[in-house]
Amino acid sequence: MLATPVFGKDGRMTREIPEDEMKVRIDLAACYRLVDFYGMADLIGTHISARVPGKDDEFLLNPYGVYFEEMTASSLLRVNMDGEVLDESNYSINAAGFTIHSAILGGRPDINCALHTHTTAGMAVSAMEEGLLPLTQTSMQFYKRLSYHAYEGVASRDGAEAECARLQEDLGTKNKAMVLRNHGLLTCGANIAEAFLGIKRLEHACEVQMHAMAMRGEGQTLKLIDDEVCEEMYQTYENRGTQRSDLGWAGHLRRLDRMDSTYRN
Ligand SMILES: [Zn+2]
């Protein structure tokens with residue numbers, strides 16, 4: 001069992017957590033552990049957020065300094081859109097994380113979870129002018145619906161608040177995935193399961209692209225999928241909505257429970 005940090009200063013509970021919020025906390029803590037399990041964590045960096053049920057202007061974020069593999073439901077911090085941490089804790093939040101997640105959740109009422117990574121494959125594709133290419137079936141769900149945000153420097157620098165508007169503009173009103181150029185990946189969803197499946201698939205598509213480009217020898221070209229097929233496949237994915245992600249989520253929790261169920265604490 002891992003030693004896990006708990007809610008409240010010096011480990012003391014400071015308020016009753018409503019049942020619906022606790023459910024979101026458990027799913028979010030699970031999501032952090034799954035991102036770690038699948039090799040998508042970057043030490044204590046990057047972040048995943050989830051809106052507090054019934055509170056448009058409050059979301060949950062990781063306590064900065066806690067590793068993804070040791071995240072627990074009750075240690076996640078409630079933050080408002082002004083950046084105020086509403087839960088008592090021995091930890092604070094990552095300022096760059098607040099900028100990115102307040103922009104996404106503040107600009108898109110249909111989105112309740114945003115997930116950001118710094119993986120090797122994600123950063124490799126983010127450093128390519130062409131971005132993600134239609135090379136595989138897996139990449140089809142992002143076909144022409146993948147946003148790109150130019151790198152402006154760390155999102156915690158002075159004046160970074162102004163970047164929020166550009167993050168919102170670049171994500172747009174419909175897309176649920178974005179490449180942060182020269183930086184990493186971001187996915188979002190109506191729920192945590194959707195954002196997680198999005199990053200798993202986007203990461204996989206980036207990994208394949210990285211390998212395919214590395215395998216390409218002199219005179220060899222990459223085989224791209226025809227536009228028409230890409231669009232048809234995108235629609236096939238889109239029509240299933242969150243059905244696919246919801247279907248797999250319970251299994252993800254079962255896997256975590258078999259390994260270490262302390263994420264539920
Ligand atoms: Zn980042």
# chains A, B, ... in the order shown; residues from 1 in each chain; ligands from 1
call {"tool": "residues_near_ligand", "arguments": {"ligand": "ligand 1", "cutoff": "8 Å", "atoms": "only C-alpha atoms and all ligand atoms", "output": "compact mmCIF listing (two decimals) with C-alpha atoms, in the first residue's frame"}}
result
# COMPACT_ATOMS: atom_id res chain seq x y z
CA GLY A 45 4.18 17.78 -13.85
CA THR A 46 1.01 17.99 -15.97
CA HIS A 47 -2.51 17.90 -14.64
CA ALA A 96 0.36 26.70 -15.17
CA GLY A 97 -2.20 23.95 -14.62
CA HIS A 116 -2.88 17.24 -20.22
CA THR A 117 0.27 15.18 -20.87
CA HIS A 118 3.94 15.61 -21.79
CA VAL A 154 5.17 28.33 -19.59
CA ALA A 155 1.54 29.03 -18.73
CA HIS A 183 4.69 21.16 -25.41
CA GLY A 184 2.28 18.21 -25.29
call {"tool": "closest_atom_pairs", "arguments": {"of": "range 111-160 of chain A", "to": "range 234-237 of chain A", "cutoff": "12 Å", "atoms": "only C-alpha atoms", "output": "tab-separated table"}}
result
residue	atom	partner	partner_atom	distance
A:Pro134	CA	A:Tyr234	CA	11.0
A:Thr136	CA	A:Tyr234	CA	11.9
A:Gln137	CA	A:Tyr234	CA	9.3
A:Thr138	CA	A:Tyr234	CA	9.8
A:Ser139	CA	A:Tyr234	CA	9.0
A:Met140	CA	A:Tyr234	CA	5.4
A:Gln141	CA	A:Tyr234	CA	4.7
A:Phe142	CA	A:Tyr234	CA	7.1
A:Tyr143	CA	A:Tyr234	CA	6.3
A:Lys144	CA	A:Tyr234	CA	8.9
A:Arg145	CA	A:Tyr234	CA	8.9
A:Leu146	CA	A:Tyr234	CA	11.5
call {"tool": "residues_around", "arguments": {"residues": "range 76-89 of chain A", "least_positions_apart": "6", "cutoff": "6 Å", "atoms": "only C-alpha atoms", "output": "VMD selection string"}}
result
chain A and resid 8 to 9 57 to 63 102
call {"tool": "write_last_selection", "arguments": {"atoms": "all heavy atoms", "output": "mmCIF file, in the first residue's frame"}}
result
data_model
loop_
_atom_site.group_PDB
_atom_site.id
_atom_site.type_symbol
_atom_site.label_atom_id
_atom_site.label_comp_id
_atom_site.auth_asym_id
_atom_site.auth_seq_id
_atom_site.Cartn_x
_atom_site.Cartn_y
_atom_site.Cartn_z
ATOM 1 N N GLY A 8 -7.226 17.929 3.746
ATOM 2 C CA GLY A 8 -7.166 18.803 4.915
ATOM 3 C C GLY A 8 -5.758 19.020 5.436
ATOM 4 O O GLY A 8 -4.861 18.222 5.201
ATOM 5 N N LYS A 9 -5.584 20.124 6.102
ATOM 6 C CA LYS A 9 -4.282 20.429 6.710
ATOM 7 C C LYS A 9 -3.965 19.383 7.769
ATOM 8 O O LYS A 9 -4.814 19.011 8.561
ATOM 9 C CB LYS A 9 -4.335 21.820 7.352
ATOM 10 C CG LYS A 9 -3.867 22.897 6.377
ATOM 11 C CD LYS A 9 -3.229 24.052 7.135
ATOM 12 C CE LYS A 9 -2.346 24.843 6.203
ATOM 13 N NZ LYS A 9 -2.981 25.986 5.612
ATOM 14 N N ASP A 57 -18.398 26.990 -11.680
ATOM 15 C CA ASP A 57 -17.145 27.743 -11.537
ATOM 16 C C ASP A 57 -16.160 27.128 -10.535
ATOM 17 O O ASP A 57 -15.297 27.814 -10.009
ATOM 18 C CB ASP A 57 -17.468 29.190 -11.142
ATOM 19 C CG ASP A 57 -18.279 29.243 -9.861
ATOM 20 O OD1 ASP A 57 -18.738 28.175 -9.398
ATOM 21 O OD2 ASP A 57 -18.447 30.346 -9.310
ATOM 22 N N GLU A 58 -16.307 25.825 -10.285
ATOM 23 C CA GLU A 58 -15.345 25.146 -9.405
ATOM 24 C C GLU A 58 -14.886 23.850 -10.057
ATOM 25 O O GLU A 58 -15.687 23.150 -10.678
ATOM 26 C CB GLU A 58 -15.979 24.799 -8.051
ATOM 27 C CG GLU A 58 -16.273 26.007 -7.190
ATOM 28 C CD GLU A 58 -16.931 25.616 -5.865
ATOM 29 O OE1 GLU A 58 -16.918 24.428 -5.500
ATOM 30 O OE2 GLU A 58 -17.469 26.528 -5.213
ATOM 31 N N PHE A 59 -13.597 23.579 -9.932
ATOM 32 C CA PHE A 59 -13.101 22.295 -10.441
ATOM 33 C C PHE A 59 -12.056 21.716 -9.508
ATOM 34 O O PHE A 59 -11.546 22.402 -8.609
ATOM 35 C CB PHE A 59 -12.588 22.437 -11.882
ATOM 36 C CG PHE A 59 -11.448 23.403 -12.091
ATOM 37 C CD1 PHE A 59 -10.133 22.956 -12.047
ATOM 38 C CD2 PHE A 59 -11.685 24.754 -12.359
ATOM 39 C CE1 PHE A 59 -9.079 23.832 -12.263
ATOM 40 C CE2 PHE A 59 -10.637 25.638 -12.578
ATOM 41 C CZ PHE A 59 -9.325 25.180 -12.531
ATOM 42 N N LEU A 60 -11.765 20.433 -9.715
ATOM 43 C CA LEU A 60 -10.788 19.708 -8.895
ATOM 44 C C LEU A 60 -9.477 19.594 -9.651
ATOM 45 O O LEU A 60 -9.481 19.356 -10.869
ATOM 46 C CB LEU A 60 -11.313 18.304 -8.569
ATOM 47 C CG LEU A 60 -12.627 18.248 -7.793
ATOM 48 C CD1 LEU A 60 -13.245 16.850 -7.871
ATOM 49 C CD2 LEU A 60 -12.403 18.646 -6.334
ATOM 50 N N LEU A 61 -8.373 19.771 -8.951
ATOM 51 C CA LEU A 61 -7.050 19.710 -9.568
ATOM 52 C C LEU A 61 -6.116 18.976 -8.602
ATOM 53 O O LEU A 61 -6.377 18.922 -7.398
ATOM 54 C CB LEU A 61 -6.559 21.137 -9.834
ATOM 55 C CG LEU A 61 -5.534 21.379 -10.948
ATOM 56 C CD1 LEU A 61 -6.026 20.871 -12.300
ATOM 57 C CD2 LEU A 61 -5.211 22.877 -11.043
ATOM 58 N N ASN A 62 -5.015 18.469 -9.140
ATOM 59 C CA ASN A 62 -4.088 17.719 -8.293
ATOM 60 C C ASN A 62 -3.321 18.619 -7.326
ATOM 61 O O ASN A 62 -2.914 19.715 -7.687
ATOM 62 C CB ASN A 62 -3.083 16.927 -9.145
ATOM 63 C CG ASN A 62 -2.437 17.756 -10.237
ATOM 64 O OD1 ASN A 62 -3.106 18.559 -10.870
ATOM 65 N ND2 ASN A 62 -1.157 17.581 -10.451
ATOM 66 N N PRO A 63 -3.078 18.099 -6.109
ATOM 67 C CA PRO A 63 -2.178 18.809 -5.199
ATOM 68 C C PRO A 63 -0.764 18.726 -5.784
ATOM 69 O O PRO A 63 -0.262 17.619 -6.035
ATOM 70 C CB PRO A 63 -2.306 18.039 -3.889
ATOM 71 C CG PRO A 63 -2.935 16.739 -4.217
ATOM 72 C CD PRO A 63 -3.608 16.851 -5.537
ATOM 73 N N SER A 102 -8.510 26.273 -16.205
ATOM 74 C CA SER A 102 -9.564 27.280 -16.045
ATOM 75 C C SER A 102 -10.007 27.786 -17.425
ATOM 76 O O SER A 102 -11.183 28.090 -17.635
ATOM 77 C CB SER A 102 -9.101 28.438 -15.159
ATOM 78 O OG SER A 102 -8.022 29.130 -15.753
#
call {"tool": "select_by_dssp", "arguments": {"residues": "range 19-170 of chain A", "states": "strand (DSSP E or B)", "output": "list in words"}}
result
Asp42, Gly45, Ile48, Ser49, Ala50, Arg51, Glu58, Phe59, Leu60, Leu61, Leu77, Arg78, Val79, Asn80, Val85, Cys113, Ala114, Leu115, His116, Thr117, Leu146, Ser147, Tyr148 and His149 of chain A
call {"tool": "residues_around", "arguments": {"residues": "range 109-114 of chain A", "least_positions_apart": "4", "cutoff": "12 Å", "atoms": "only C-alpha atoms", "output": "PyMOL selection string"}}
result
chain A and resi 24-25+27-28+31-32+46-61+97-98+100-105+168+171-178+185-199
call {"tool": "write_last_selection", "arguments": {"atoms": "N, CA and C atoms", "output": "compact mmCIF listing (two decimals), in the first residue's frame"}}
result
# COMPACT_ATOMS: atom_id res chain seq x y z
N VAL A 24 -17.00 11.90 -8.40
CA VAL A 24 -16.11 12.53 -9.38
C VAL A 24 -14.67 12.49 -8.89
N ARG A 25 -14.47 12.69 -7.58
CA ARG A 25 -13.11 12.63 -7.02
C ARG A 25 -12.50 11.24 -7.22
N ASP A 27 -13.30 9.01 -9.54
CA ASP A 27 -13.00 8.83 -10.97
C ASP A 27 -11.75 9.62 -11.37
N LEU A 28 -11.61 10.83 -10.83
CA LEU A 28 -10.46 11.66 -11.19
C LEU A 28 -9.16 11.08 -10.63
N CYS A 31 -8.23 8.31 -12.73
CA CYS A 31 -7.70 8.78 -14.01
C CYS A 31 -6.21 9.11 -13.87
N TYR A 32 -5.83 9.77 -12.79
CA TYR A 32 -4.41 10.08 -12.56
C TYR A 32 -3.59 8.78 -12.52
N THR A 46 2.30 18.15 -15.27
CA THR A 46 1.01 17.99 -15.97
C THR A 46 -0.15 17.81 -14.98
N HIS A 47 -1.35 17.81 -15.52
CA HIS A 47 -2.51 17.90 -14.64
C HIS A 47 -3.77 17.43 -15.33
N ILE A 48 -4.73 16.99 -14.52
CA ILE A 48 -6.05 16.57 -15.02
C ILE A 48 -7.07 17.26 -14.11
N SER A 49 -8.10 17.83 -14.71
CA SER A 49 -9.11 18.54 -13.91
C SER A 49 -10.49 17.94 -14.15
N ALA A 50 -11.38 18.14 -13.19
CA ALA A 50 -12.78 17.74 -13.35
C ALA A 50 -13.65 18.76 -12.64
N ARG A 51 -14.73 19.13 -13.31
CA ARG A 51 -15.65 20.12 -12.72
C ARG A 51 -16.36 19.51 -11.51
N VAL A 52 -16.56 20.32 -10.47
CA VAL A 52 -17.31 19.87 -9.30
C VAL A 52 -18.78 19.82 -9.69
N PRO A 53 -19.47 18.68 -9.45
CA PRO A 53 -20.86 18.56 -9.87
C PRO A 53 -21.73 19.70 -9.33
N GLY A 54 -22.50 20.30 -10.19
CA GLY A 54 -23.42 21.37 -9.79
C GLY A 54 -22.76 22.71 -9.57
N LYS A 55 -21.46 22.81 -9.79
CA LYS A 55 -20.75 24.08 -9.59
C LYS A 55 -20.02 24.45 -10.89
N ASP A 56 -20.61 25.34 -11.66
CA ASP A 56 -20.03 25.72 -12.94
C ASP A 56 -18.64 26.31 -12.80
N ASP A 57 -18.40 26.99 -11.68
CA ASP A 57 -17.14 27.74 -11.54
C ASP A 57 -16.16 27.13 -10.53
N GLU A 58 -16.31 25.82 -10.29
CA GLU A 58 -15.35 25.15 -9.40
C GLU A 58 -14.89 23.85 -10.06
N PHE A 59 -13.60 23.58 -9.93
CA PHE A 59 -13.10 22.30 -10.44
C PHE A 59 -12.06 21.72 -9.51
N LEU A 60 -11.76 20.43 -9.72
CA LEU A 60 -10.79 19.71 -8.89
C LEU A 60 -9.48 19.59 -9.65
N LEU A 61 -8.37 19.77 -8.95
CA LEU A 61 -7.05 19.71 -9.57
C LEU A 61 -6.12 18.98 -8.60
N GLY A 97 -1.03 24.84 -14.53
CA GLY A 97 -2.20 23.95 -14.62
C GLY A 97 -3.48 24.73 -14.47
N PHE A 98 -3.48 25.66 -13.52
CA PHE A 98 -4.68 26.47 -13.33
C PHE A 98 -5.00 27.27 -14.59
N ILE A 100 -4.31 26.64 -17.77
CA ILE A 100 -4.83 25.78 -18.84
C ILE A 100 -6.23 25.26 -18.52
N HIS A 101 -6.42 24.74 -17.32
CA HIS A 101 -7.71 24.10 -17.00
C HIS A 101 -8.83 25.10 -16.77
N SER A 102 -8.51 26.27 -16.20
CA SER A 102 -9.56 27.28 -16.04
C SER A 102 -10.01 27.79 -17.42
N ALA A 103 -9.06 27.84 -18.38
CA ALA A 103 -9.41 28.28 -19.73
C ALA A 103 -10.35 27.26 -20.38
N ILE A 104 -10.01 25.99 -20.29
CA ILE A 104 -10.81 24.96 -20.97
C ILE A 104 -12.19 24.82 -20.31
N LEU A 105 -12.21 24.64 -18.98
CA LEU A 105 -13.49 24.42 -18.30
C LEU A 105 -14.32 25.70 -18.25
N GLN A 168 -8.87 29.05 -25.45
CA GLN A 168 -10.29 28.83 -25.72
C GLN A 168 -10.58 28.94 -27.21
N LEU A 171 -9.13 25.85 -29.10
CA LEU A 171 -9.90 24.62 -28.90
C LEU A 171 -11.21 24.70 -29.66
N GLY A 172 -11.80 25.89 -29.70
CA GLY A 172 -13.05 26.08 -30.43
C GLY A 172 -14.24 25.59 -29.63
N THR A 173 -15.37 25.48 -30.29
CA THR A 173 -16.61 25.16 -29.57
C THR A 173 -16.97 23.68 -29.64
N LYS A 174 -16.28 22.91 -30.49
CA LYS A 174 -16.67 21.50 -30.64
C LYS A 174 -15.55 20.48 -30.37
N ASN A 175 -14.31 20.84 -30.70
CA ASN A 175 -13.22 19.86 -30.58
C ASN A 175 -12.99 19.43 -29.14
N LYS A 176 -12.51 18.19 -29.00
CA LYS A 176 -12.24 17.67 -27.66
C LYS A 176 -10.78 17.23 -27.51
N ALA A 177 -9.94 17.66 -28.43
CA ALA A 177 -8.52 17.34 -28.33
C ALA A 177 -7.71 18.47 -28.94
N MET A 178 -6.54 18.70 -28.34
CA MET A 178 -5.71 19.81 -28.83
C MET A 178 -4.23 19.45 -28.64
N LEU A 185 0.06 17.26 -25.18
CA LEU A 185 -1.29 16.99 -25.66
C LEU A 185 -2.33 17.38 -24.61
N LEU A 186 -3.55 17.61 -25.08
CA LEU A 186 -4.65 17.90 -24.17
C LEU A 186 -5.92 17.28 -24.75
N THR A 187 -6.65 16.54 -23.92
CA THR A 187 -7.95 16.05 -24.35
C THR A 187 -8.99 16.47 -23.31
N CYS A 188 -10.24 16.48 -23.71
CA CYS A 188 -11.29 16.79 -22.75
C CYS A 188 -12.53 16.00 -23.08
N GLY A 189 -13.49 16.03 -22.16
CA GLY A 189 -14.69 15.24 -22.37
C GLY A 189 -15.83 15.68 -21.48
N ALA A 190 -17.01 15.17 -21.83
CA ALA A 190 -18.19 15.44 -21.01
C ALA A 190 -18.02 14.80 -19.64
N ASN A 191 -17.22 13.72 -19.60
CA ASN A 191 -16.90 13.12 -18.31
C ASN A 191 -15.44 12.65 -18.32
N ILE A 192 -14.99 12.13 -17.19
CA ILE A 192 -13.59 11.74 -17.04
C ILE A 192 -13.25 10.57 -17.96
N ALA A 193 -14.17 9.64 -18.10
CA ALA A 193 -13.93 8.47 -18.96
C ALA A 193 -13.66 8.90 -20.39
N GLU A 194 -14.40 9.88 -20.87
CA GLU A 194 -14.23 10.34 -22.26
C GLU A 194 -12.86 11.02 -22.45
N ALA A 195 -12.48 11.85 -21.49
CA ALA A 195 -11.17 12.52 -21.61
C ALA A 195 -10.04 11.49 -21.55
N PHE A 196 -10.21 10.45 -20.70
CA PHE A 196 -9.16 9.43 -20.59
C PHE A 196 -9.04 8.63 -21.89
N LEU A 197 -10.17 8.18 -22.42
CA LEU A 197 -10.11 7.40 -23.66
C LEU A 197 -9.52 8.26 -24.78
N GLY A 198 -9.86 9.56 -24.77
CA GLY A 198 -9.32 10.48 -25.78
C GLY A 198 -7.80 10.53 -25.73
N ILE A 199 -7.23 10.65 -24.53
CA ILE A 199 -5.76 10.76 -24.44
C ILE A 199 -5.11 9.43 -24.77
call {"tool": "select_by_dssp", "arguments": {"residues": "range 99-165 of chain A", "states": "alpha helix (DSSP H)", "output": "ChimeraX atom specification"}}
result
/A:99-107,120-126,161-165
call {"tool": "write_last_selection", "arguments": {"atoms": "all heavy atoms", "output": "CSV table (one decimal), in the first residue's frame"}}
result
chain,number,residue,atom,x,y,z
A,99,THR,N,-4.0,27.9,-15.2
A,99,THR,CA,-4.2,28.7,-16.4
A,99,THR,C,-4.9,27.8,-17.5
A,99,THR,O,-5.9,28.2,-18.1
A,99,THR,CB,-2.9,29.2,-17.0
A,99,THR,OG1,-2.2,30.0,-16.0
A,99,THR,CG2,-3.1,30.0,-18.3
A,100,ILE,N,-4.3,26.6,-17.8
A,100,ILE,CA,-4.8,25.8,-18.8
A,100,ILE,C,-6.2,25.3,-18.5
A,100,ILE,O,-7.1,25.4,-19.3
A,100,ILE,CB,-3.9,24.6,-19.1
A,100,ILE,CG1,-2.5,25.1,-19.6
A,100,ILE,CG2,-4.5,23.6,-20.0
A,100,ILE,CD1,-1.4,24.1,-19.7
A,101,HIS,N,-6.4,24.7,-17.3
A,101,HIS,CA,-7.7,24.1,-17.0
A,101,HIS,C,-8.8,25.1,-16.8
A,101,HIS,O,-10.0,24.8,-17.1
A,101,HIS,CB,-7.5,23.1,-15.8
A,101,HIS,CG,-6.7,22.0,-16.2
A,101,HIS,ND1,-7.2,20.8,-16.7
A,101,HIS,CD2,-5.3,21.9,-16.1
A,101,HIS,CE1,-6.2,20.0,-16.9
A,101,HIS,NE2,-5.0,20.6,-16.6
A,102,SER,N,-8.5,26.3,-16.2
A,102,SER,CA,-9.6,27.3,-16.0
A,102,SER,C,-10.0,27.8,-17.4
A,102,SER,O,-11.2,28.1,-17.6
A,102,SER,CB,-9.1,28.4,-15.2
A,102,SER,OG,-8.0,29.1,-15.8
A,103,ALA,N,-9.1,27.8,-18.4
A,103,ALA,CA,-9.4,28.3,-19.7
A,103,ALA,C,-10.4,27.3,-20.4
A,103,ALA,O,-11.4,27.6,-20.9
A,103,ALA,CB,-8.2,28.4,-20.6
A,104,ILE,N,-10.0,26.0,-20.3
A,104,ILE,CA,-10.8,25.0,-21.0
A,104,ILE,C,-12.2,24.8,-20.3
A,104,ILE,O,-13.2,24.9,-21.0
A,104,ILE,CB,-10.1,23.6,-21.0
A,104,ILE,CG1,-8.7,23.7,-21.6
A,104,ILE,CG2,-10.9,22.5,-21.7
A,104,ILE,CD1,-8.6,24.3,-23.0
A,105,LEU,N,-12.2,24.6,-19.0
A,105,LEU,CA,-13.5,24.4,-18.3
A,105,LEU,C,-14.3,25.7,-18.3
A,105,LEU,O,-15.5,25.7,-18.3
A,105,LEU,CB,-13.3,23.9,-16.9
A,105,LEU,CG,-12.6,22.5,-16.8
A,105,LEU,CD1,-12.2,22.1,-15.4
A,105,LEU,CD2,-13.5,21.4,-17.4
A,106,GLY,N,-13.6,26.8,-18.2
A,106,GLY,CA,-14.4,28.1,-18.2
A,106,GLY,C,-15.0,28.5,-19.5
A,106,GLY,O,-16.0,29.1,-19.6
A,107,GLY,N,-14.4,28.0,-20.6
A,107,GLY,CA,-14.8,28.3,-21.9
A,107,GLY,C,-15.8,27.4,-22.6
A,107,GLY,O,-16.4,27.7,-23.6
A,120,THR,N,6.5,11.5,-24.7
A,120,THR,CA,7.5,11.6,-25.8
A,120,THR,C,6.8,11.7,-27.1
A,120,THR,O,7.1,12.6,-28.0
A,120,THR,CB,8.5,10.4,-25.7
A,120,THR,OG1,9.1,10.4,-24.4
A,120,THR,CG2,9.6,10.5,-26.8
A,121,ALA,N,5.9,10.8,-27.4
A,121,ALA,CA,5.2,10.7,-28.7
A,121,ALA,C,4.4,12.0,-28.9
A,121,ALA,O,4.3,12.6,-30.0
A,121,ALA,CB,4.4,9.5,-28.8
A,122,GLY,N,3.7,12.4,-27.8
A,122,GLY,CA,2.9,13.6,-27.9
A,122,GLY,C,3.7,14.9,-28.2
A,122,GLY,O,3.3,15.7,-29.1
A,123,MET,N,4.8,15.0,-27.5
A,123,MET,CA,5.7,16.1,-27.7
A,123,MET,C,6.3,16.1,-29.1
A,123,MET,O,6.5,17.1,-29.8
A,123,MET,CB,6.7,16.2,-26.6
A,123,MET,CG,6.1,16.7,-25.3
A,123,MET,SD,7.4,17.3,-24.1
A,123,MET,CE,8.1,15.7,-23.6
A,124,ALA,N,6.7,14.8,-29.6
A,124,ALA,CA,7.3,14.7,-30.9
A,124,ALA,C,6.3,15.2,-32.0
A,124,ALA,O,6.7,16.0,-32.9
A,124,ALA,CB,7.7,13.2,-31.1
A,125,VAL,N,5.1,14.8,-31.9
A,125,VAL,CA,4.1,15.2,-32.9
A,125,VAL,C,3.8,16.7,-32.7
A,125,VAL,O,3.6,17.4,-33.7
A,125,VAL,CB,2.8,14.4,-32.8
A,125,VAL,CG1,1.7,15.0,-33.6
A,125,VAL,CG2,3.1,12.9,-33.2
A,126,SER,N,3.8,17.2,-31.5
A,126,SER,CA,3.6,18.6,-31.3
A,126,SER,C,4.7,19.5,-31.9
A,126,SER,O,4.5,20.7,-32.1
A,126,SER,CB,3.4,18.9,-29.8
A,126,SER,OG,4.7,19.1,-29.1
A,161,GLU,N,-2.4,34.9,-18.1
A,161,GLU,CA,-3.9,35.0,-18.1
A,161,GLU,C,-4.4,35.3,-19.5
A,161,GLU,O,-5.4,34.8,-19.9
A,161,GLU,CB,-4.4,36.0,-17.1
A,161,GLU,CG,-3.9,35.9,-15.7
A,161,GLU,CD,-2.6,36.5,-15.5
A,161,GLU,OE1,-2.3,37.6,-15.9
A,161,GLU,OE2,-1.7,35.8,-14.9
A,162,ALA,N,-3.6,36.1,-20.2
A,162,ALA,CA,-4.1,36.5,-21.5
A,162,ALA,C,-4.1,35.3,-22.5
A,162,ALA,O,-4.8,35.3,-23.5
A,162,ALA,CB,-3.2,37.6,-22.1
A,163,GLU,N,-3.3,34.3,-22.1
A,163,GLU,CA,-3.3,33.1,-23.0
A,163,GLU,C,-4.6,32.3,-22.9
A,163,GLU,O,-4.9,31.5,-23.8
A,163,GLU,CB,-2.0,32.2,-22.6
A,163,GLU,CG,-1.7,31.1,-23.6
A,163,GLU,CD,-0.5,30.3,-23.3
A,163,GLU,OE1,0.3,30.7,-22.4
A,163,GLU,OE2,-0.4,29.2,-23.9
A,164,CYS,N,-5.3,32.5,-21.8
A,164,CYS,CA,-6.6,31.7,-21.6
A,164,CYS,C,-7.5,31.9,-22.8
A,164,CYS,O,-8.1,31.0,-23.4
A,164,CYS,CB,-7.3,32.2,-20.4
A,164,CYS,SG,-6.6,31.5,-18.9
A,165,ALA,N,-7.6,33.2,-23.3
A,165,ALA,CA,-8.5,33.5,-24.4
A,165,ALA,C,-8.1,32.8,-25.7
A,165,ALA,O,-8.9,32.2,-26.4
A,165,ALA,CB,-8.6,35.0,-24.6
call {"tool": "residues_around", "arguments": {"residues": "Phe68 in chain A", "least_positions_apart": "5", "cutoff": "8 Å", "atoms": "only C-alpha atoms", "output": "PyMOL selection string"}}
result
chain A and resi 32-33+35-36+41+43-44
call {"tool": "atom_distance", "arguments": {"atom1": "CA of Met22 in chain A", "atom2": "CA of Arg108 in chain A"}}
result
22.6 Å
call {"tool": "closest_residue", "arguments": {"among": "A:Gln243, A:Met233, A:Leu135, A:Ala73", "to": "Ala212 in chain A", "atoms": "only C-alpha atoms"}}
result
A:Leu135
call {"tool": "atom_distance", "arguments": {"atom1": "CA of Gly219 in chain A", "atom2": "CA of Met128 in chain A"}}
result
20.0 Å
call {"tool": "closest_residue", "arguments": {"among": "A:Ala250, A:Leu133, A:Thr242, A:Val66", "to": "Leu222 in chain A", "atoms": "only C-alpha atoms"}}
result
A:Leu133
call {"tool": "atom_distance", "arguments": {"atom1": "CA of Ile93 in chain A", "atom2": "CA of Tyr64 in chain A"}}
result
4.9 Å
